[in-house]
$ cat coords07.pdb   # PDB, C-alpha atoms and all ligand atoms
ATOM      1  CA  MET L   3      10.790 -17.731 -51.182  1.00  0.00           C
ATOM      2  CA  LYS L   4      13.156 -17.764 -54.108  1.00  0.00           C
ATOM      3  CA  PHE L   5      11.541 -20.985 -55.283  1.00  0.00           C
ATOM      4  CA  LEU L   6       8.102 -19.366 -55.194  1.00  0.00           C
ATOM      5  CA  SER L   7       9.249 -16.264 -57.000  1.00  0.00           C
ATOM      6  CA  ALA L   8      10.877 -18.412 -59.680  1.00  0.00           C
ATOM      7  CA  ILE L   9       7.600 -20.243 -60.235  1.00  0.00           C
ATOM      8  CA  GLY L  10       5.735 -16.947 -60.333  1.00  0.00           C
ATOM      9  CA  LEU L  11       8.168 -15.695 -62.896  1.00  0.00           C
ATOM     10  CA  LEU L  12       7.781 -18.808 -65.021  1.00  0.00           C
ATOM     11  CA  ALA L  13       4.018 -18.363 -64.980  1.00  0.00           C
ATOM     12  CA  ALA L  14       4.307 -14.678 -65.760  1.00  0.00           C
ATOM     13  CA  THR L  15       6.646 -15.162 -68.690  1.00  0.00           C
ATOM     14  CA  ALA L  16       4.884 -18.181 -70.155  1.00  0.00           C
ATOM     15  CA  VAL L  17       2.449 -15.907 -71.961  1.00  0.00           C
ATOM     16  CA  ALA L  18       4.894 -13.099 -72.686  1.00  0.00           C
ATOM     17  CA  ASN L  19       7.332 -12.884 -75.539  1.00  0.00           C
ATOM     18  CA  PRO L  20      10.757 -14.184 -74.772  1.00  0.00           C
ATOM     19  CA  LEU L  21      12.491 -11.266 -73.111  1.00  0.00           C
ATOM     20  CA  ALA L  22      14.436  -9.304 -75.626  1.00  0.00           C
ATOM     21  CA  ARG L  23      18.115  -9.906 -75.088  1.00  0.00           C
ATOM     22  CA  SER L  24      18.613  -6.602 -76.802  1.00  0.00           C
ATOM     23  CA  ALA L  25      20.939  -5.857 -73.923  1.00  0.00           C
ATOM     24  CA  GLY L  26      24.687  -6.160 -74.290  1.00  0.00           C
ATOM     25  CA  LYS L  27      26.904  -8.474 -76.283  1.00  0.00           C
ATOM     26  CA  GLU L  28      27.426 -11.931 -74.851  1.00  0.00           C
ATOM     27  CA  PHE L  29      30.682 -12.935 -73.214  1.00  0.00           C
ATOM     28  CA  HIS L  30      32.291 -15.736 -71.272  1.00  0.00           C
ATOM     29  CA  LEU L  31      34.004 -14.894 -67.995  1.00  0.00           C
ATOM     30  CA  LYS L  32      37.543 -16.192 -67.595  1.00  0.00           C
ATOM     31  CA  THR L  33      39.660 -16.077 -64.447  1.00  0.00           C
ATOM     32  CA  THR L  34      43.014 -14.283 -64.524  1.00  0.00           C
ATOM     33  CA  GLY L  35      45.461 -12.886 -62.008  1.00  0.00           C
ATOM     34  CA  SER L  36      45.344 -15.729 -59.471  1.00  0.00           C
ATOM     35  CA  LYS L  37      48.543 -16.646 -57.692  1.00  0.00           C
ATOM     36  CA  LEU L  38      47.359 -20.278 -57.882  1.00  0.00           C
ATOM     37  CA  ALA L  39      48.047 -21.531 -61.401  1.00  0.00           C
ATOM     38  CA  ASP L  40      45.059 -23.890 -61.385  1.00  0.00           C
ATOM     39  CA  HIS L  41      42.694 -20.995 -60.603  1.00  0.00           C
ATOM     40  CA  ASN L  42      43.623 -19.182 -63.825  1.00  0.00           C
ATOM     41  CA  ASP L  43      42.048 -19.661 -67.267  1.00  0.00           C
ATOM     42  CA  LEU L  44      38.848 -21.106 -65.808  1.00  0.00           C
ATOM     43  CA  PHE L  45      35.413 -20.276 -67.195  1.00  0.00           C
ATOM     44  CA  LEU L  46      32.397 -19.343 -65.118  1.00  0.00           C
ATOM     45  CA  THR L  47      29.435 -21.664 -65.411  1.00  0.00           C
ATOM     46  CA  THR L  48      26.384 -22.699 -63.410  1.00  0.00           C
ATOM     47  CA  TYR L  49      25.910 -25.600 -61.028  1.00  0.00           C
ATOM     48  CA  HIS L  50      22.251 -26.481 -60.558  1.00  0.00           C
ATOM     49  CA  THR L  51      21.318 -26.558 -56.860  1.00  0.00           C
ATOM     50  CA  GLY L  52      17.504 -26.476 -56.973  1.00  0.00           C
ATOM     51  CA  ALA L  53      14.535 -25.186 -58.968  1.00  0.00           C
ATOM     52  CA  GLY L  54      15.675 -21.884 -60.435  1.00  0.00           C
ATOM     53  CA  LEU L  55      18.885 -21.901 -58.396  1.00  0.00           C
ATOM     54  CA  ASN L  56      22.538 -22.261 -59.372  1.00  0.00           C
ATOM     55  CA  ASP L  57      25.863 -21.745 -57.705  1.00  0.00           C
ATOM     56  CA  ALA L  58      28.602 -20.052 -59.733  1.00  0.00           C
ATOM     57  CA  VAL L  59      31.378 -22.560 -60.371  1.00  0.00           C
ATOM     58  CA  LEU L  60      34.414 -22.675 -62.655  1.00  0.00           C
ATOM     59  CA  GLU L  61      35.377 -25.099 -65.409  1.00  0.00           C
ATOM     60  CA  SER L  62      38.550 -25.460 -67.389  1.00  0.00           C
ATOM     61  CA  LYS L  63      36.749 -26.277 -70.653  1.00  0.00           C
ATOM     62  CA  ALA L  64      35.657 -23.308 -72.729  1.00  0.00           C
ATOM     63  CA  ASP L  65      32.785 -25.318 -74.212  1.00  0.00           C
ATOM     64  CA  ALA L  66      31.309 -25.631 -70.697  1.00  0.00           C
ATOM     65  CA  ALA L  67      31.375 -21.843 -70.244  1.00  0.00           C
ATOM     66  CA  THR L  68      28.099 -20.002 -69.722  1.00  0.00           C
ATOM     67  CA  ALA L  69      27.352 -16.973 -71.901  1.00  0.00           C
ATOM     68  CA  PHE L  70      26.617 -13.824 -69.916  1.00  0.00           C
ATOM     69  CA  TYR L  71      25.454 -10.348 -70.876  1.00  0.00           C
ATOM     70  CA  LEU L  72      24.793  -7.048 -69.147  1.00  0.00           C
ATOM     71  CA  ASN L  73      21.402  -5.391 -69.161  1.00  0.00           C
ATOM     72  CA  GLY L  74      22.072  -1.973 -67.715  1.00  0.00           C
ATOM     73  CA  THR L  75      23.857  -2.887 -64.510  1.00  0.00           C
ATOM     74  CA  THR L  76      22.333  -6.334 -64.049  1.00  0.00           C
ATOM     75  CA  ALA L  77      24.390  -9.317 -65.207  1.00  0.00           C
ATOM     76  CA  LEU L  78      22.457 -12.164 -66.759  1.00  0.00           C
ATOM     77  CA  ALA L  79      23.265 -15.682 -67.878  1.00  0.00           C
ATOM     78  CA  ASP L  80      21.950 -16.936 -71.210  1.00  0.00           C
ATOM     79  CA  LEU L  81      20.806 -20.431 -70.261  1.00  0.00           C
ATOM     80  CA  GLY L  82      18.603 -20.738 -73.332  1.00  0.00           C
ATOM     81  CA  THR L  83      15.313 -20.084 -71.546  1.00  0.00           C
ATOM     82  CA  SER L  84      12.685 -17.454 -72.225  1.00  0.00           C
ATOM     83  CA  TYR L  85      13.114 -15.991 -68.719  1.00  0.00           C
ATOM     84  CA  PRO L  86      16.266 -14.391 -67.323  1.00  0.00           C
ATOM     85  CA  TRP L  87      18.857 -15.770 -64.915  1.00  0.00           C
ATOM     86  CA  GLY L  88      20.487 -13.010 -62.896  1.00  0.00           C
ATOM     87  CA  PHE L  89      23.520 -12.815 -60.665  1.00  0.00           C
ATOM     88  CA  ASP L  90      22.347 -12.939 -57.060  1.00  0.00           C
ATOM     89  CA  ILE L  91      25.142 -11.749 -54.937  1.00  0.00           C
ATOM     90  CA  GLY L  92      24.495 -12.231 -51.264  1.00  0.00           C
ATOM     91  CA  GLY L  93      24.117  -9.222 -49.032  1.00  0.00           C
ATOM     92  CA  ASP L  94      26.404  -8.684 -46.118  1.00  0.00           C
ATOM     93  CA  ALA L  95      24.043 -10.578 -43.859  1.00  0.00           C
ATOM     94  CA  ASN L  96      26.287 -12.594 -41.608  1.00  0.00           C
ATOM     95  CA  TYR L  97      29.440 -10.500 -41.092  1.00  0.00           C
ATOM     96  CA  ALA L  98      31.411 -12.937 -43.236  1.00  0.00           C
ATOM     97  CA  ASP L  99      34.625 -12.036 -45.040  1.00  0.00           C
ATOM     98  CA  TRP L 100      33.269 -13.498 -48.272  1.00  0.00           C
ATOM     99  CA  GLU L 101      29.844 -14.389 -49.603  1.00  0.00           C
ATOM    100  CA  ALA L 102      28.244 -16.683 -52.145  1.00  0.00           C
ATOM    101  CA  VAL L 103      27.574 -15.876 -55.791  1.00  0.00           C
ATOM    102  CA  GLU L 104      24.428 -17.449 -57.241  1.00  0.00           C
ATOM    103  CA  ILE L 105      22.863 -17.312 -60.698  1.00  0.00           C
ATOM    104  CA  ASN L 106      19.138 -17.682 -60.157  1.00  0.00           C
ATOM    105  CA  ALA L 107      15.924 -17.350 -62.139  1.00  0.00           C
ATOM    106  CA  GLY L 108      14.992 -13.680 -62.107  1.00  0.00           C
ATOM    107  CA  GLY L 109      16.637 -10.399 -62.855  1.00  0.00           C
ATOM    108  CA  GLY L 110      19.317 -10.545 -60.153  1.00  0.00           C
ATOM    109  CA  VAL L 111      20.802  -7.546 -58.405  1.00  0.00           C
ATOM    110  CA  ASP L 112      22.098  -4.251 -59.808  1.00  0.00           C
ATOM    111  CA  GLY L 113      25.616  -2.902 -59.740  1.00  0.00           C
ATOM    112  CA  PHE L 114      27.583  -4.935 -62.302  1.00  0.00           C
ATOM    113  CA  SER L 115      29.860  -3.467 -64.919  1.00  0.00           C
ATOM    114  CA  ILE L 116      32.838  -4.195 -67.099  1.00  0.00           C
ATOM    115  CA  THR L 117      35.442  -1.692 -66.012  1.00  0.00           C
ATOM    116  CA  ASP L 118      39.022  -1.701 -67.317  1.00  0.00           C
ATOM    117  CA  ASP L 119      38.229  -4.974 -69.096  1.00  0.00           C
ATOM    118  CA  THR L 120      37.250  -6.786 -65.905  1.00  0.00           C
ATOM    119  CA  PHE L 121      33.822  -7.834 -64.706  1.00  0.00           C
ATOM    120  CA  ILE L 122      33.061  -6.340 -61.296  1.00  0.00           C
ATOM    121  CA  TRP L 123      30.232  -5.665 -58.865  1.00  0.00           C
ATOM    122  CA  SER L 124      29.549  -2.396 -57.076  1.00  0.00           C
ATOM    123  CA  GLU L 125      32.259  -1.122 -54.740  1.00  0.00           C
ATOM    124  CA  ALA L 126      29.641   1.113 -53.140  1.00  0.00           C
ATOM    125  CA  GLU L 127      27.768  -2.058 -52.180  1.00  0.00           C
ATOM    126  CA  GLY L 128      30.933  -3.427 -50.596  1.00  0.00           C
ATOM    127  CA  PHE L 129      32.523  -5.396 -53.417  1.00  0.00           C
ATOM    128  CA  GLY L 130      36.175  -6.068 -52.691  1.00  0.00           C
ATOM    129  CA  GLY L 131      37.002  -8.551 -55.445  1.00  0.00           C
ATOM    130  CA  TRP L 132      36.339 -12.117 -56.523  1.00  0.00           C
ATOM    131  CA  LEU L 133      37.534 -15.175 -54.640  1.00  0.00           C
ATOM    132  CA  VAL L 134      37.846 -18.725 -55.992  1.00  0.00           C
ATOM    133  CA  CYS L 135      37.852 -21.679 -53.585  1.00  0.00           C
ATOM    134  CA  GLN L 136      37.874 -25.384 -54.050  1.00  0.00           C
ATOM    135  CA  TRP L 137      34.437 -26.004 -52.552  1.00  0.00           C
ATOM    136  CA  PHE L 138      31.699 -28.520 -51.894  1.00  0.00           C
ATOM    137  CA  HIS L 139      30.655 -29.175 -55.476  1.00  0.00           C
ATOM    138  CA  GLY L 140      34.058 -30.717 -56.049  1.00  0.00           C
ATOM    139  CA  SER L 141      35.146 -27.886 -58.326  1.00  0.00           C
ATOM    140  CA  PRO L 142      36.398 -24.345 -57.871  1.00  0.00           C
ATOM    141  CA  GLN L 143      33.555 -22.016 -56.902  1.00  0.00           C
ATOM    142  CA  LEU L 144      33.157 -18.248 -57.127  1.00  0.00           C
ATOM    143  CA  PHE L 145      32.654 -16.017 -54.072  1.00  0.00           C
ATOM    144  CA  TRP L 146      32.954 -12.274 -53.544  1.00  0.00           C
ATOM    145  CA  LEU L 147      35.023 -10.528 -50.920  1.00  0.00           C
ATOM    146  CA  ASP L 148      33.527  -7.900 -48.667  1.00  0.00           C
ATOM    147  CA  LYS L 149      35.821  -4.879 -48.906  1.00  0.00           C
ATOM    148  CA  TYR L 150      35.132  -3.879 -45.286  1.00  0.00           C
ATOM    149  CA  TYR L 151      36.874  -6.956 -43.898  1.00  0.00           C
ATOM    150  CA  THR L 152      40.458  -8.143 -44.031  1.00  0.00           C
ATOM    151  CA  PRO L 153      40.106 -11.847 -44.639  1.00  0.00           C
ATOM    152  CA  THR L 154      42.525 -14.609 -43.869  1.00  0.00           C
ATOM    153  CA  ILE L 155      42.247 -16.458 -47.146  1.00  0.00           C
ATOM    154  CA  PRO L 156      42.627 -20.251 -46.906  1.00  0.00           C
ATOM    155  CA  CYS L 157      45.477 -21.639 -48.983  1.00  0.00           C
ATOM    156  CA  SER L 158      42.998 -23.465 -51.264  1.00  0.00           C
ATOM    157  CA  CYS L 159      41.400 -20.117 -52.195  1.00  0.00           C
ATOM    158  CA  SER L 160      42.747 -17.218 -54.215  1.00  0.00           C
ATOM    159  CA  LYS L 161      41.679 -13.821 -55.474  1.00  0.00           C
ATOM    160  CA  VAL L 162      40.959 -13.620 -59.201  1.00  0.00           C
ATOM    161  CA  GLU L 163      39.780 -11.158 -61.792  1.00  0.00           C
ATOM    162  CA  LEU L 164      37.071 -12.067 -64.283  1.00  0.00           C
ATOM    163  CA  GLU L 165      37.906 -11.135 -67.841  1.00  0.00           C
ATOM    164  CA  PRO L 166      35.088 -10.934 -70.399  1.00  0.00           C
ATOM    165  CA  ILE L 167      35.770 -12.925 -73.568  1.00  0.00           C
ATOM    166  CA  TYR L 168      33.284 -11.606 -76.115  1.00  0.00           C
ATOM    167  CA  LEU L 169      31.465 -14.088 -78.322  1.00  0.00           C
ATOM    168  CA  LYS L 170      30.817 -13.542 -81.993  1.00  0.00           C
TER     169      LYS L 170
HETATM  170  C1  LIG L 201      16.508  -5.407 -69.067  1.00  0.00           C
HETATM  171  O1  LIG L 201      16.220  -4.220 -68.363  1.00  0.00           O
HETATM  172  C2  LIG L 201      14.962  -3.663 -68.664  1.00  0.00           C
HETATM  173  C3  LIG L 201      14.859  -2.334 -67.957  1.00  0.00           C
HETATM  174  O2  LIG L 201      15.176  -2.467 -66.595  1.00  0.00           O
HETATM  175  C4  LIG L 201      13.874  -4.647 -68.247  1.00  0.00           C
HETATM  176  O3  LIG L 201      12.612  -4.137 -68.563  1.00  0.00           O
HETATM  177  C5  LIG L 201      14.088  -5.965 -68.976  1.00  0.00           C
HETATM  178  O4  LIG L 201      13.140  -6.927 -68.533  1.00  0.00           O
HETATM  179  C6  LIG L 201      15.479  -6.474 -68.720  1.00  0.00           C
HETATM  180  N1  LIG L 201      15.732  -7.655 -69.527  1.00  0.00           N
HETATM  181  C7  LIG L 201      16.173  -8.786 -68.974  1.00  0.00           C
HETATM  182  C8  LIG L 201      16.420  -9.917 -69.915  1.00  0.00           C
HETATM  183  O5  LIG L 201      16.362  -8.896 -67.777  1.00  0.00           O
END
$ encode --input "coords07.pdb" --output "structure tokens"
Amino acid sequence: MKFLSAIGLLAATAVANPLARSAGKEFHLKTTGSKLADHNDLFLTTYHTGAGLNDAVLESKADAATAFYLNGTTALADLGTSYPWGFDIGGDANYADWEAVEINAGGGVDGFSITDDTFIWSEAEGFGGWLVCQWFHGSPQLFWLDKYYTPTIPCSCSKVELEPIYLK
């Protein structure tokens, strides 16, 4: 389904002008506030998982960081293509304490903002913070916590904040 919509989008944008990134200023997202030292000062980037699909993973090298920007309340990654890559943040579909964060071809979901100098999703939608876990791509990976649950966080995971580092 997502694959098909990505292809449809590619076809639709092939003839259009590159979408104006008139939107907001670009920024990197850096982790802070973790109680695990090796989960701090990491930069959010994308890990390709399929056509038009990426998981949100973290890298220690700033030159591997992805540039993001806000367009209204959608958060988009600048991956150098003519079509957008939006944050897809899983719905509360399976009663889990935390859920995946993906950056996929398309506009993504609404509800993002930079509030008090941190990048957040919508509390009204159930956002209870960001979680970083050592995960199956062999690197730390970003998840979001559902505020309606009280998770038992594994010792290889920690809560973080995402600080925007604005680019010139
Ligand atoms: C930004 O938002 C506007 C209005 O919702 C939309 O028309 C436009 O396609 C968006 N741009 C990107 C790059 O998503």
$ resolve_selection --input "coords07.pdb" --expression "the PyMOL selection byres (((chain L and resi 46) around 7) and not hetatm)" --output "short mmCIF file (atom, residue, chain, number, x, y, z; two decimals) with C-alpha atoms, keeping the file's coordinate frame"
data_model
loop_
_atom_site.label_atom_id
_atom_site.label_comp_id
_atom_site.auth_asym_id
_atom_site.auth_seq_id
_atom_site.Cartn_x
_atom_site.Cartn_y
_atom_site.Cartn_z
CA LEU L 31 34.00 -14.89 -68.00
CA LYS L 32 37.54 -16.19 -67.60
CA LEU L 44 38.85 -21.11 -65.81
CA PHE L 45 35.41 -20.28 -67.19
CA THR L 47 29.44 -21.66 -65.41
CA ALA L 58 28.60 -20.05 -59.73
CA VAL L 59 31.38 -22.56 -60.37
CA LEU L 60 34.41 -22.68 -62.66
CA GLU L 61 35.38 -25.10 -65.41
CA ALA L 67 31.38 -21.84 -70.24
CA THR L 68 28.10 -20.00 -69.72
#
$ residues_around --input "coords07.pdb" --residues "Gly92 (chain L)" --least-positions-apart "5" --cutoff "9 Å" --atoms "only C-alpha atoms" --output "MDAnalysis selection string"
chainID L and resid 101:104 146
$ atom_distance --input "coords07.pdb" --atom1 "atom C1 of ligand LIG 201 (chain L)" --atom2 "CA of Gly74 (chain L)"
6.7 Å
$ atom_distance --input "coords07.pdb" --atom1 "CA of Thr117 (chain L)" --atom2 "CA of Thr33 (chain L)"
15.1 Å
$ residues_near_point --input "coords07.pdb" --point "(40.4, -26.7, -52.6)" --cutoff "8 Å" --atoms "all atoms listed in the file" --output "PyMOL selection string"
chain L and resi 135-137+141-142+158-159
$ residues_around --input "coords07.pdb" --residues "Asn56 (chain L)" --least-positions-apart "5" --cutoff "8 Å" --atoms "all atoms listed in the file" --output "CSV table (one decimal) with C-alpha atoms, keeping the file's coordinate frame"
chain,number,residue,atom,x,y,z
L,48,THR,CA,26.4,-22.7,-63.4
L,49,TYR,CA,25.9,-25.6,-61.0
L,50,HIS,CA,22.3,-26.5,-60.6
L,51,THR,CA,21.3,-26.6,-56.9
L,104,GLU,CA,24.4,-17.4,-57.2
L,105,ILE,CA,22.9,-17.3,-60.7
L,106,ASN,CA,19.1,-17.7,-60.2
$ closest_residue --input "coords07.pdb" --among "L:Leu38, L:Leu55, L:Leu147, L:Leu81" --to "ligand LIG 201 (chain L)" --atoms "all atoms listed in the file"
L:Leu81
$ resolve_selection --input "coords07.pdb" --expression "the PyMOL selection byres (((chain L and resi 72) around 9) and not hetatm)" --output "VMD selection string"
chain L and resid 25 to 28 70 to 71 73 to 79 114 to 116
$ residues_around --input "coords07.pdb" --residues "Tyr168 (chain L)" --least-positions-apart "2" --cutoff "7 Å" --atoms "only C-alpha atoms" --output "CSV table (one decimal) with C-alpha atoms, in the coordinates of the input"
chain,number,residue,atom,x,y,z
L,28,GLU,CA,27.4,-11.9,-74.9
L,29,PHE,CA,30.7,-12.9,-73.2
L,30,HIS,CA,32.3,-15.7,-71.3
L,166,PRO,CA,35.1,-10.9,-70.4
L,170,LYS,CA,30.8,-13.5,-82.0
$ axis_aligned_box --input "coords07.pdb" --around "ligand LIG 201 (chain L)" --padding-each-side "4 Å" --output "AutoDock Vina command-line options"
--center_x 14.6 --center_y -6.1 --center_z -68.3 --size_x 11.9 --size_y 15.6 --size_z 11.3
$ closest_residue --input "coords07.pdb" --among "L:Asn42, L:Ser62, L:Thr34, L:Ser84" --to "ligand LIG 201 (chain L)" --atoms "all atoms listed in the file"
L:Ser84
$ closest_residue --input "coords07.pdb" --among "L:His41, L:Ala66, L:Asp112, L:Tyr97" --to "ligand LIG 201 (chain L)" --atoms "all atoms listed in the file"
L:Asp112
$ atom_distance --input "coords07.pdb" --atom1 "CA of Asp43 (chain L)" --atom2 "CA of Gln143 (chain L)"
13.6 Å
